[in-house]
Amino acid sequence: MIYQGKAISVARSGDDIATLTFDLKDESINKLSSAVIAELEEVVEALQAESGLAGLVIGSAKDVFIVGADITEFHGMFEQGEDQIEAMLERVHGIFNAIEDLPFPTVTAINGLALGGGCEVALATDFRVMAEGAKIGLPETKLGILPGWGGCVRLPRLIGADNAIEWIAGGSENKAADALKMGAVDVVVPGEELEAAALDILVRAKAGDLDYLARREEKTGPLKLGPIEQMMAFETAKGYVAGKAGPHYPAPIEAIKVIQKGAGEARGRAQAIEAKAFAKLALTEVCYNLVGLFLNDQLVKKKAGKYEKQAQAVKQSAVLGAGIMGGGIAYQSASKGTPILMKDIKGEAIELGLREARKLFAKQVERGKLTTEQMAERLTNIRPTLSYGDFGSVDLVVEAVVENPKVKEAVLTEVEGVVGEGTILTSNTSTISITRLARNLERPENFCGMHFFNPVHRMPLVEVIRGEKTGDAAVAATVAYARAMGKTPIVVNDCPGFLVNRVLFPYFGGFSQLVEQGADFQRVDKVMEKFGWPMGPAYLLDVVGMDTAVHAGEVMAEGFPERMASMGGEGGKSVIQLMVEKERLGQKNDKGFYAYEEDRKGKPRKVSDEAAIALVKGVAKESREFSDEEIIARMMVPLCLETVRCLEDGIVGSAAEADMALIYGIGFPPFRGGALRYIDAMGVAAFVERAEGLAEELGPLYAPTDRLRQMAQAGERFYS
Ligand code: NAD
């Protein structure tokens with residue numbers, strides 16, 4: 001044995017091959033924490049000191065190769081400032097360069113995921129062999145940084161600048177076959193043949209059939225690109241990537257600049273350029289928030305995993321209502337492999353639901369993600385019905401009929417009478433209290449909320465709502481079913497609107513007030529889109545549907561009269577109510593704040609509409625100019641404050657879950673990290689001051705809670 005540590009061991013075989021194995025103690029995966037990097041440094045010294053070695057194989061004893069650096073260390077490490085970050089990178093470059101320079105051929109055997117730092121370890125060796133099912137990639141730009149351990153230097157020299165830009169700027173996980181095609185790996189074999197393939201490479205290198213020194217020269221010298229090729233590769237890519245990433249995500253463009261600046265340089269200088277750019281990005285707020293987002297996502301998944309462990313599996317489900325949501329739920333369940341009954345009271349509704357599902361499956365076939373046989377098979381997972389005939393064997397029911405408490409109560413009572421004792425009933429209601437819907441049920445412990453977002457196949461969040469009498473088994477089964485459907489469930493407690501809609505409606509309230517004071521709604525949309533929302537509030541209302549918004553707004557007003565009763569239109573009508581009166585319901589009837597035309601793909605395209613502009617002007621009580629900053633504050637403060645209230649009221653369990661729910665449910669700008677991280681970034685005291693200033697004019701929707709005031713005084717934050 002040459003080395004034995006907590007994460008790495010190195011053995012020497014009879015034929016003088018050293019085998020370096022990553023196998024991090026007490027973990028299911030390998031990651032490159034600072035402790036592991038310290039071990040690797042010792043390992044390299046040990047390898048350099050060992051005489052007579054003929055080759056090195058780097059591999060893993062786990063299911064993955066290495067998933068990357070240890071992201072839980074990032075915030076702490078980045079806090080130390082630019083110089084420290086650069087020093088850390090320089091040290092790792094030294095270790096990886098030493099591997100690259102060992103006086104014998106080296107190969108990495110990639111058995112599973114090789115991401116980020118894991119991919120960069122593999123790039124440091126002369127050759128790479130990869131198991132068929134493994135994946136490789138550099139996802140750093142998704143965290144607001146760039147590959148900082150040599151990825152921006154070695155990958156373009158290995159697979160060409162254009163391919164490397166695609167991998168790095170896109171942050172993709174790449175399949176073995178694609179990696180082979182591009183030249184990122186040398187051989188792809190079935191997993192069980194990996195070790196033999198790695199040894200074979202070393203034998204061929206020793207025999208001179210493979211020129212490992214030429215490979216090193218290629219990886220350590222300047223990039224071989226003429227000035228015209230360079231211009232084409234870099235400038236075109238910058239334009240394309242900037243368009244795709246948008247102005248809020250600087251990392252992909254910075255990565256291209258790093259590759260470009262380092263192109264004419266040899267390894268050392270190119271790595272210094274990479275390190276400098278990395279350190280700068282690591283200190284941005286975007287990076288801080290995206291790293292926070294990753295950590296929050298881990299926490300949310302861990303919590304869901306705990307529920308899942310206690311859950312009874314859902315082998316057969318059912319959905320009541322084949323409308324927009326019911327159809328989407330049926331598709332999602334079927335596409336992920338849980339058979340589902342889809343019941344409606346109208347034959348034509350079922351036809352519509354099935355047609356939608358077919359369309360979504362066909363798109364998957366078009367994109368090459370499914371074969372026609374797979375599509376046919378998955379479609380049979382949806383069993384349409386007009387009766388309760390087969391409901392006796394259903395494990396979980398999702399009620400998705402019209403948003404009317406009386407209808408829902410009647411339907412839930414009806415279905416409870418036909419399912420088994422242990423069947424879990426859930427409701428996809430957007431706003432109605434789960435405790436209320438449970439009041440006529442015989443087995444309220446088996447009932448909870450399962451709130452999907454529209455469109456179901458695209459939106460990741462499912463709110464799982466615990467009513468007063470909901471039992472743990474119901475929550476666990478619902479969480480497990482949501483996970484089986486490929487969704488991210490977050491468990492919340494009951495109240496009107498639950499977490500996400502309770503937070504969204506004050507945002508709409510802020511919008512109504514702005515418009516009624518004379519703000520131009522199209523400008524409000526533009527400002528909020530520039531802020532980072534996928535669509536501005538007027539556009540979002542058109543998508544939600546004006547009638548739905550009014551209806552839900554009434555439920556919210558009834559639930560929180562002290563704040564939400566006068567949400568826009570004090571005493572009179574809000575602009576949203578007026579839209580309904582004028583039959584401008586939004587996208588569903590092609591006119592709302594905007595008018596909608598079909599584009600070439602048959603999708604609604606919004607256009608400005610003079611009639612809507614005139615209508616909105618009519619509700620304005622004054623004509624006032626608002627700065628961008630005022631618009632943002634008046635929209636964001638009520639949303640953030642309601643999130644704070646949900647946390648204080650125990651509707652949601654943690655700041656992390658609240659923020660993730662807003663990002664996954666309503667597209668809160670991810671680079672801002674969520675409502676509570678947004679308050680933290682502004683500073684709780686500054687936020688409270690801003691809110692108090694607005695509350696004087698705009699009322700209780702803008703008034704900070706006592707606890708938040710205390711937090712401001714004590715200098716506390718939501719995230720430590
Ligand atoms: P929808 O009007 O498109 O569909 C409702 C369907 O229920 C119709 O097909 C109707 O025929 C059927 N139905 C009515 N009574 C029934 C009964 N007794 N048994 C079986 N089917 C019955 O409505 P939707 O937009 O799909 O909304 C359904 C539920 O999902 C509502 O509670 C809504 O609040 C909620 N929701 C909607 C959205 C959204 O954006 N549309 C988002 C989240 C949640």
# chains A, B, ... in the order shown; residues from 1 in each chain; ligands from 1
call {"tool": "closest_atom_pairs", "arguments": {"of": "chain A", "to": "ligand 1", "cutoff": "9 Å", "atoms": "only C-alpha atoms and all ligand atoms", "output": "Markdown table"}}
result
| residue | atom | partner | partner_atom_place_in_ligand_line | distance |
| --- | --- | --- | --- | --- |
| A:Val319 | CA | ligand 1 | 20 (C) | 8.3 |
| A:Leu320 | CA | ligand 1 | 20 (C) | 4.7 |
| A:Gly321 | CA | ligand 1 | 21 (N) | 3.5 |
| A:Ala322 | CA | ligand 1 | 9 (O) | 4.6 |
| A:Gly323 | CA | ligand 1 | 4 (O) | 3.3 |
| A:Ile324 | CA | ligand 1 | 26 (O) | 3.8 |
| A:Met325 | CA | ligand 1 | 26 (O) | 3.6 |
| A:Gly326 | CA | ligand 1 | 26 (O) | 5.5 |
| A:Gly327 | CA | ligand 1 | 26 (O) | 7.4 |
| A:Gly328 | CA | ligand 1 | 26 (O) | 8.3 |
| A:Met342 | CA | ligand 1 | 20 (C) | 8.7 |
| A:Lys343 | CA | ligand 1 | 20 (C) | 5.6 |
| A:Asp344 | CA | ligand 1 | 21 (N) | 3.6 |
| A:Ile345 | CA | ligand 1 | 20 (C) | 4.8 |
| A:Lys346 | CA | ligand 1 | 11 (O) | 5.4 |
| A:Gly347 | CA | ligand 1 | 11 (O) | 8.5 |
| A:Glu348 | CA | ligand 1 | 9 (O) | 8.3 |
| A:Ala349 | CA | ligand 1 | 9 (O) | 4.8 |
| A:Ile350 | CA | ligand 1 | 9 (O) | 7.1 |
| A:Leu352 | CA | ligand 1 | 9 (O) | 8.5 |
| A:Gly353 | CA | ligand 1 | 9 (O) | 8.0 |
| A:Leu386 | CA | ligand 1 | 20 (C) | 7.9 |
| A:Glu399 | CA | ligand 1 | 29 (C) | 7.5 |
| A:Ala400 | CA | ligand 1 | 29 (C) | 4.1 |
| A:Val401 | CA | ligand 1 | 7 (O) | 3.5 |
| A:Val402 | CA | ligand 1 | 5 (C) | 4.6 |
| A:Glu403 | CA | ligand 1 | 32 (O) | 3.8 |
| A:Asn404 | CA | ligand 1 | 32 (O) | 7.1 |
| A:Pro405 | CA | ligand 1 | 32 (O) | 8.8 |
| A:Val407 | CA | ligand 1 | 18 (N) | 6.9 |
| A:Lys408 | CA | ligand 1 | 18 (N) | 7.7 |
| A:Ala410 | CA | ligand 1 | 18 (N) | 7.7 |
| A:Val411 | CA | ligand 1 | 18 (N) | 5.3 |
| A:Leu412 | CA | ligand 1 | 18 (N) | 8.9 |
| A:Glu414 | CA | ligand 1 | 18 (N) | 8.8 |
| A:Ser427 | CA | ligand 1 | 32 (O) | 7.5 |
| A:Asn428 | CA | ligand 1 | 30 (O) | 5.1 |
| A:Thr429 | CA | ligand 1 | 32 (O) | 3.8 |
| A:Ser430 | CA | ligand 1 | 34 (O) | 4.3 |
| A:Thr431 | CA | ligand 1 | 34 (O) | 6.9 |
| A:Ile432 | CA | ligand 1 | 32 (O) | 8.3 |
| A:His451 | CA | ligand 1 | 44 (C) | 6.0 |
| A:Phe452 | CA | ligand 1 | 43 (C) | 5.3 |
| A:Phe453 | CA | ligand 1 | 43 (C) | 4.8 |
| A:Asn454 | CA | ligand 1 | 40 (O) | 4.6 |
| A:Pro455 | CA | ligand 1 | 40 (O) | 7.2 |
| A:Val456 | CA | ligand 1 | 42 (C) | 8.3 |
| A:Val543 | CA | ligand 1 | 40 (O) | 8.1 |
| A:Val544 | CA | ligand 1 | 40 (O) | 5.7 |
| A:Gly545 | CA | ligand 1 | 40 (O) | 8.0 |
| A:Thr548 | CA | ligand 1 | 34 (O) | 7.6 |
| A:Ala552 | CA | ligand 1 | 34 (O) | 8.1 |
call {"tool": "residues_around", "arguments": {"residues": "Lys280 (chain A)", "least_positions_apart": "6", "cutoff": "10 Å", "atoms": "only C-alpha atoms", "output": "list of chain:residue names"}}
result
A:Phe78, A:Gly81, A:Glu82, A:Asp83, A:Ile85, A:Glu86, A:Ile145, A:Glu254, A:Cys287
call {"tool": "residues_around", "arguments": {"residues": "Leu40 (chain A)", "least_positions_apart": "6", "cutoff": "9 Å", "atoms": "only C-alpha atoms", "output": "PDB file with all heavy atoms, in the first residue's frame"}}
result
ATOM      1  N   ALA A   7     -10.204   9.138   2.571  1.00  0.00           N
ATOM      2  CA  ALA A   7     -10.940   9.243   1.311  1.00  0.00           C
ATOM      3  C   ALA A   7     -10.218   8.569   0.163  1.00  0.00           C
ATOM      4  O   ALA A   7     -10.832   8.181  -0.823  1.00  0.00           O
ATOM      5  CB  ALA A   7     -11.169  10.717   0.964  1.00  0.00           C
ATOM      6  N   ILE A   8      -8.911   8.458   0.290  1.00  0.00           N
ATOM      7  CA  ILE A   8      -8.118   7.952  -0.842  1.00  0.00           C
ATOM      8  C   ILE A   8      -7.187   6.846  -0.361  1.00  0.00           C
ATOM      9  O   ILE A   8      -6.593   6.937   0.717  1.00  0.00           O
ATOM     10  CB  ILE A   8      -7.250   9.079  -1.459  1.00  0.00           C
ATOM     11  CG1 ILE A   8      -8.116  10.307  -1.806  1.00  0.00           C
ATOM     12  CG2 ILE A   8      -6.521   8.584  -2.708  1.00  0.00           C
ATOM     13  CD1 ILE A   8      -7.323  11.522  -2.250  1.00  0.00           C
ATOM     14  N   ILE A  95      -1.489  20.610  -7.382  1.00  0.00           N
ATOM     15  CA  ILE A  95      -1.693  19.157  -7.170  1.00  0.00           C
ATOM     16  C   ILE A  95      -2.070  18.478  -8.492  1.00  0.00           C
ATOM     17  O   ILE A  95      -1.511  17.443  -8.864  1.00  0.00           O
ATOM     18  CB  ILE A  95      -2.813  18.930  -6.127  1.00  0.00           C
ATOM     19  CG1 ILE A  95      -2.436  19.587  -4.796  1.00  0.00           C
ATOM     20  CG2 ILE A  95      -3.080  17.454  -5.942  1.00  0.00           C
ATOM     21  CD1 ILE A  95      -3.590  19.660  -3.800  1.00  0.00           C
TER      22      ILE A  95
END
call {"tool": "residues_around", "arguments": {"residues": "region 300-314 of chain A", "least_positions_apart": "6", "cutoff": "7 Å", "atoms": "only C-alpha atoms", "output": "PyMOL selection string"}}
result
chain A and resi 395-396+473+476-477+479-481+489-490+657
call {"tool": "write_last_selection", "arguments": {"atoms": "C-alpha atoms", "output": "PDB file, in the first residue's frame"}}
result
ATOM      1  CA  ASP A 395     -53.879   3.948  -3.428  1.00  0.00           C
ATOM      2  CA  LEU A 396     -54.137   7.706  -3.819  1.00  0.00           C
ATOM      3  CA  ALA A 473     -49.140   8.428   6.558  1.00  0.00           C
ATOM      4  CA  ALA A 476     -45.714  10.573   3.532  1.00  0.00           C
ATOM      5  CA  ALA A 477     -47.618   8.832   0.720  1.00  0.00           C
ATOM      6  CA  VAL A 479     -44.717  13.246  -0.786  1.00  0.00           C
ATOM      7  CA  ALA A 480     -43.602   9.878  -2.160  1.00  0.00           C
ATOM      8  CA  TYR A 481     -46.094  10.065  -5.029  1.00  0.00           C
ATOM      9  CA  PRO A 489     -42.660  18.284  -2.789  1.00  0.00           C
ATOM     10  CA  ILE A 490     -42.584  20.772   0.081  1.00  0.00           C
ATOM     11  CA  GLU A 657     -38.219  25.643   2.086  1.00  0.00           C
TER      12      GLU A 657
END
call {"tool": "closest_residue", "arguments": {"among": "A:Asp494, A:Leu56, A:Leu341, A:Ser566", "to": "Pro384 (chain A)", "atoms": "only C-alpha atoms"}}
result
A:Leu341
call {"tool": "select_by_dssp", "arguments": {"residues": "region 520-555 of chain A", "states": "alpha helix (DSSP H)", "output": "ChimeraX atom specification"}}
result
/A:521-531,537-544,546-555
call {"tool": "write_last_selection", "arguments": {"atoms": "C-alpha atoms", "output": "PDB file, in the first residue's frame"}}
result
ATOM      1  CA  PHE A 521     -48.887  48.344 -16.347  1.00  0.00           C
ATOM      2  CA  GLN A 522     -46.696  47.536 -19.341  1.00  0.00           C
ATOM      3  CA  ARG A 523     -43.857  49.410 -17.703  1.00  0.00           C
ATOM      4  CA  VAL A 524     -44.450  47.537 -14.427  1.00  0.00           C
ATOM      5  CA  ASP A 525     -44.166  44.284 -16.387  1.00  0.00           C
ATOM      6  CA  LYS A 526     -40.932  45.401 -18.034  1.00  0.00           C
ATOM      7  CA  VAL A 527     -39.384  46.501 -14.739  1.00  0.00           C
ATOM      8  CA  MET A 528     -40.278  43.253 -12.985  1.00  0.00           C
ATOM      9  CA  GLU A 529     -39.040  41.165 -15.909  1.00  0.00           C
ATOM     10  CA  LYS A 530     -35.764  43.075 -15.831  1.00  0.00           C
ATOM     11  CA  PHE A 531     -35.665  42.364 -12.102  1.00  0.00           C
ATOM     12  CA  PRO A 537     -47.521  40.742 -12.981  1.00  0.00           C
ATOM     13  CA  ALA A 538     -50.004  41.841 -15.676  1.00  0.00           C
ATOM     14  CA  TYR A 539     -48.820  39.100 -18.014  1.00  0.00           C
ATOM     15  CA  LEU A 540     -48.895  36.592 -15.157  1.00  0.00           C
ATOM     16  CA  LEU A 541     -52.492  37.573 -14.361  1.00  0.00           C
ATOM     17  CA  ASP A 542     -53.382  36.932 -18.005  1.00  0.00           C
ATOM     18  CA  VAL A 543     -51.864  33.466 -17.728  1.00  0.00           C
ATOM     19  CA  VAL A 544     -53.548  32.672 -14.395  1.00  0.00           C
ATOM     20  CA  MET A 546     -58.610  37.026 -14.360  1.00  0.00           C
ATOM     21  CA  ASP A 547     -61.702  35.163 -13.096  1.00  0.00           C
ATOM     22  CA  THR A 548     -59.518  32.653 -11.263  1.00  0.00           C
ATOM     23  CA  ALA A 549     -57.533  35.513  -9.721  1.00  0.00           C
ATOM     24  CA  VAL A 550     -60.670  37.333  -8.556  1.00  0.00           C
ATOM     25  CA  HIS A 551     -62.111  34.147  -7.127  1.00  0.00           C
ATOM     26  CA  ALA A 552     -58.908  33.209  -5.318  1.00  0.00           C
ATOM     27  CA  GLY A 553     -58.502  36.820  -4.190  1.00  0.00           C
ATOM     28  CA  GLU A 554     -61.889  36.575  -2.481  1.00  0.00           C
ATOM     29  CA  VAL A 555     -60.826  33.446  -0.614  1.00  0.00           C
TER      30      VAL A 555
END
call {"tool": "residues_around", "arguments": {"residues": "Lys135 (chain A)", "least_positions_apart": "3", "cutoff": "6 Å", "atoms": "only C-alpha atoms", "output": "list in words"}}
result
Leu113, Glu173, Asn174, Lys175 and Ala176 of chain A
call {"tool": "write_last_selection", "arguments": {"atoms": "N, CA, C and O atoms", "output": "tab-separated table (two decimals), in the first residue's frame"}}
result
chain	number	residue	atom	x	y	z
A	113	LEU	N	-20.94	9.23	-12.10
A	113	LEU	CA	-20.87	10.68	-12.29
A	113	LEU	C	-19.47	11.24	-12.07
A	113	LEU	O	-18.86	10.97	-11.04
A	173	GLU	N	-24.61	17.71	-18.15
A	173	GLU	CA	-24.07	16.40	-17.79
A	173	GLU	C	-24.08	15.58	-19.08
A	173	GLU	O	-25.14	15.42	-19.69
A	174	ASN	N	-22.94	15.09	-19.49
A	174	ASN	CA	-22.86	14.46	-20.81
A	174	ASN	C	-22.73	12.95	-20.72
A	174	ASN	O	-22.01	12.43	-19.88
A	175	LYS	N	-23.44	12.30	-21.64
A	175	LYS	CA	-23.41	10.84	-21.66
A	175	LYS	C	-22.07	10.35	-22.21
A	175	LYS	O	-21.40	11.07	-22.97
A	176	ALA	N	-21.75	9.10	-21.88
A	176	ALA	CA	-20.47	8.53	-22.29
A	176	ALA	C	-20.30	8.57	-23.81
A	176	ALA	O	-19.23	8.94	-24.32
call {"tool": "closest_residue", "arguments": {"among": "A:Leu158, A:Leu514, A:Ala69, A:Val492", "to": "Ser627 (chain A)", "atoms": "only C-alpha atoms"}}
result
A:Leu514
call {"tool": "closest_residue", "arguments": {"among": "A:Leu283, A:Ala656, A:Leu24, A:Leu585", "to": "Ser720 (chain A)", "atoms": "only C-alpha atoms"}}
result
A:Ala656
call {"tool": "residues_around", "arguments": {"residues": "Leu293 (chain A)", "least_positions_apart": "5", "cutoff": "10 Å", "atoms": "only C-alpha atoms", "output": "PyMOL selection string"}}
result
chain A and resi 143+287-288+298-299+656+659-660+663+670-674+677
call {"tool": "closest_residue", "arguments": {"among": "A:Leu202, A:Val637, A:Ile159, A:Ile273", "to": "Ala695 (chain A)", "atoms": "only C-alpha atoms"}}
result
A:Val637
call {"tool": "select_by_dssp", "arguments": {"residues": "region 566-616 of chain A", "states": "strand (DSSP E)", "output": "list in words"}}
result
Ala595, Tyr596, Glu597, Glu598, Pro604, Arg605, Lys606 and Val607 of chain A
call {"tool": "write_last_selection", "arguments": {"atoms": "N, CA, C and O atoms", "output": "PDB file, in the first residue's frame"}}
result
ATOM      1  N   ALA A 595     -53.574  41.496 -25.592  1.00  0.00           N
ATOM      2  CA  ALA A 595     -54.352  40.638 -26.489  1.00  0.00           C
ATOM      3  C   ALA A 595     -53.419  39.503 -26.925  1.00  0.00           C
ATOM      4  O   ALA A 595     -52.194  39.651 -26.884  1.00  0.00           O
ATOM      5  N   TYR A 596     -53.992  38.362 -27.295  1.00  0.00           N
ATOM      6  CA  TYR A 596     -53.174  37.205 -27.661  1.00  0.00           C
ATOM      7  C   TYR A 596     -53.500  36.732 -29.061  1.00  0.00           C
ATOM      8  O   TYR A 596     -54.662  36.612 -29.440  1.00  0.00           O
ATOM      9  N   GLU A 597     -52.434  36.503 -29.815  1.00  0.00           N
ATOM     10  CA  GLU A 597     -52.569  35.956 -31.165  1.00  0.00           C
ATOM     11  C   GLU A 597     -51.801  34.654 -31.186  1.00  0.00           C
ATOM     12  O   GLU A 597     -50.860  34.485 -30.428  1.00  0.00           O
ATOM     13  N   GLU A 598     -52.171  33.777 -32.094  1.00  0.00           N
ATOM     14  CA  GLU A 598     -51.416  32.522 -32.192  1.00  0.00           C
ATOM     15  C   GLU A 598     -50.152  32.751 -32.995  1.00  0.00           C
ATOM     16  O   GLU A 598     -50.197  33.395 -34.044  1.00  0.00           O
ATOM     17  N   PRO A 604     -49.816  31.081 -27.784  1.00  0.00           N
ATOM     18  CA  PRO A 604     -50.293  32.465 -27.686  1.00  0.00           C
ATOM     19  C   PRO A 604     -49.136  33.462 -27.603  1.00  0.00           C
ATOM     20  O   PRO A 604     -48.197  33.259 -26.829  1.00  0.00           O
ATOM     21  N   ARG A 605     -49.208  34.505 -28.447  1.00  0.00           N
ATOM     22  CA  ARG A 605     -48.188  35.552 -28.388  1.00  0.00           C
ATOM     23  C   ARG A 605     -48.868  36.830 -27.937  1.00  0.00           C
ATOM     24  O   ARG A 605     -49.917  37.211 -28.477  1.00  0.00           O
ATOM     25  N   LYS A 606     -48.300  37.495 -26.946  1.00  0.00           N
ATOM     26  CA  LYS A 606     -48.993  38.673 -26.427  1.00  0.00           C
ATOM     27  C   LYS A 606     -48.651  39.911 -27.254  1.00  0.00           C
ATOM     28  O   LYS A 606     -47.506  40.076 -27.687  1.00  0.00           O
ATOM     29  N   VAL A 607     -49.679  40.717 -27.463  1.00  0.00           N
ATOM     30  CA  VAL A 607     -49.459  41.996 -28.134  1.00  0.00           C
ATOM     31  C   VAL A 607     -50.155  43.080 -27.311  1.00  0.00           C
ATOM     32  O   VAL A 607     -51.140  42.823 -26.608  1.00  0.00           O
TER      33      VAL A 607
END
call {"tool": "decode", "arguments": {"residues": "region 238-245 of chain A", "atoms": "all heavy atoms", "output": "CSV table (one decimal), in the first residue's frame"}}
result
chain,number,residue,atom,x,y,z
A,238,LYS,N,-20.2,34.0,-27.6
A,238,LYS,CA,-20.5,35.0,-26.6
A,238,LYS,C,-21.9,35.5,-26.9
A,238,LYS,O,-22.7,35.7,-26.0
A,238,LYS,CB,-19.5,36.1,-26.6
A,238,LYS,CG,-18.3,35.8,-25.7
A,238,LYS,CD,-17.5,37.1,-25.5
A,238,LYS,CE,-16.1,36.8,-25.8
A,238,LYS,NZ,-15.2,37.9,-26.0
A,239,GLY,N,-22.2,35.8,-28.2
A,239,GLY,CA,-23.5,36.4,-28.5
A,239,GLY,C,-24.6,35.4,-28.2
A,239,GLY,O,-25.6,35.7,-27.5
A,240,TYR,N,-24.4,34.1,-28.6
A,240,TYR,CA,-25.4,33.1,-28.4
A,240,TYR,C,-25.6,32.9,-26.9
A,240,TYR,O,-26.8,32.8,-26.4
A,240,TYR,CB,-24.9,31.8,-29.1
A,240,TYR,CG,-25.8,30.7,-28.8
A,240,TYR,CD1,-27.1,30.6,-29.5
A,240,TYR,CD2,-25.4,29.6,-28.0
A,240,TYR,CE1,-27.9,29.5,-29.2
A,240,TYR,CE2,-26.3,28.5,-27.7
A,240,TYR,CZ,-27.5,28.5,-28.4
A,240,TYR,OH,-28.4,27.4,-28.1
A,241,VAL,N,-24.5,32.7,-26.1
A,241,VAL,CA,-24.6,32.4,-24.7
A,241,VAL,C,-25.2,33.5,-23.9
A,241,VAL,O,-26.0,33.3,-23.0
A,241,VAL,CB,-23.3,31.9,-24.1
A,241,VAL,CG1,-23.3,31.9,-22.6
A,241,VAL,CG2,-22.8,30.6,-24.7
A,242,ALA,N,-24.8,34.8,-24.3
A,242,ALA,CA,-25.4,35.9,-23.6
A,242,ALA,C,-26.9,36.0,-23.7
A,242,ALA,O,-27.6,36.2,-22.8
A,242,ALA,CB,-24.8,37.2,-24.1
A,243,GLY,N,-27.4,35.7,-24.9
A,243,GLY,CA,-28.8,35.6,-25.2
A,243,GLY,C,-29.5,34.6,-24.4
A,243,GLY,O,-30.6,34.8,-23.9
A,244,LYS,N,-28.9,33.4,-24.3
A,244,LYS,CA,-29.5,32.3,-23.6
A,244,LYS,C,-29.5,32.5,-22.0
A,244,LYS,O,-30.4,32.2,-21.4
A,244,LYS,CB,-28.8,31.0,-23.9
A,244,LYS,CG,-29.7,29.9,-24.3
A,244,LYS,CD,-29.1,28.7,-24.9
A,244,LYS,CE,-30.0,27.6,-24.6
A,244,LYS,NZ,-29.4,26.3,-24.7
A,245,ALA,N,-28.3,32.9,-21.5
A,245,ALA,CA,-28.2,33.0,-20.1
A,245,ALA,C,-28.9,34.2,-19.5
A,245,ALA,O,-29.3,34.2,-18.4
A,245,ALA,CB,-26.7,33.1,-19.7
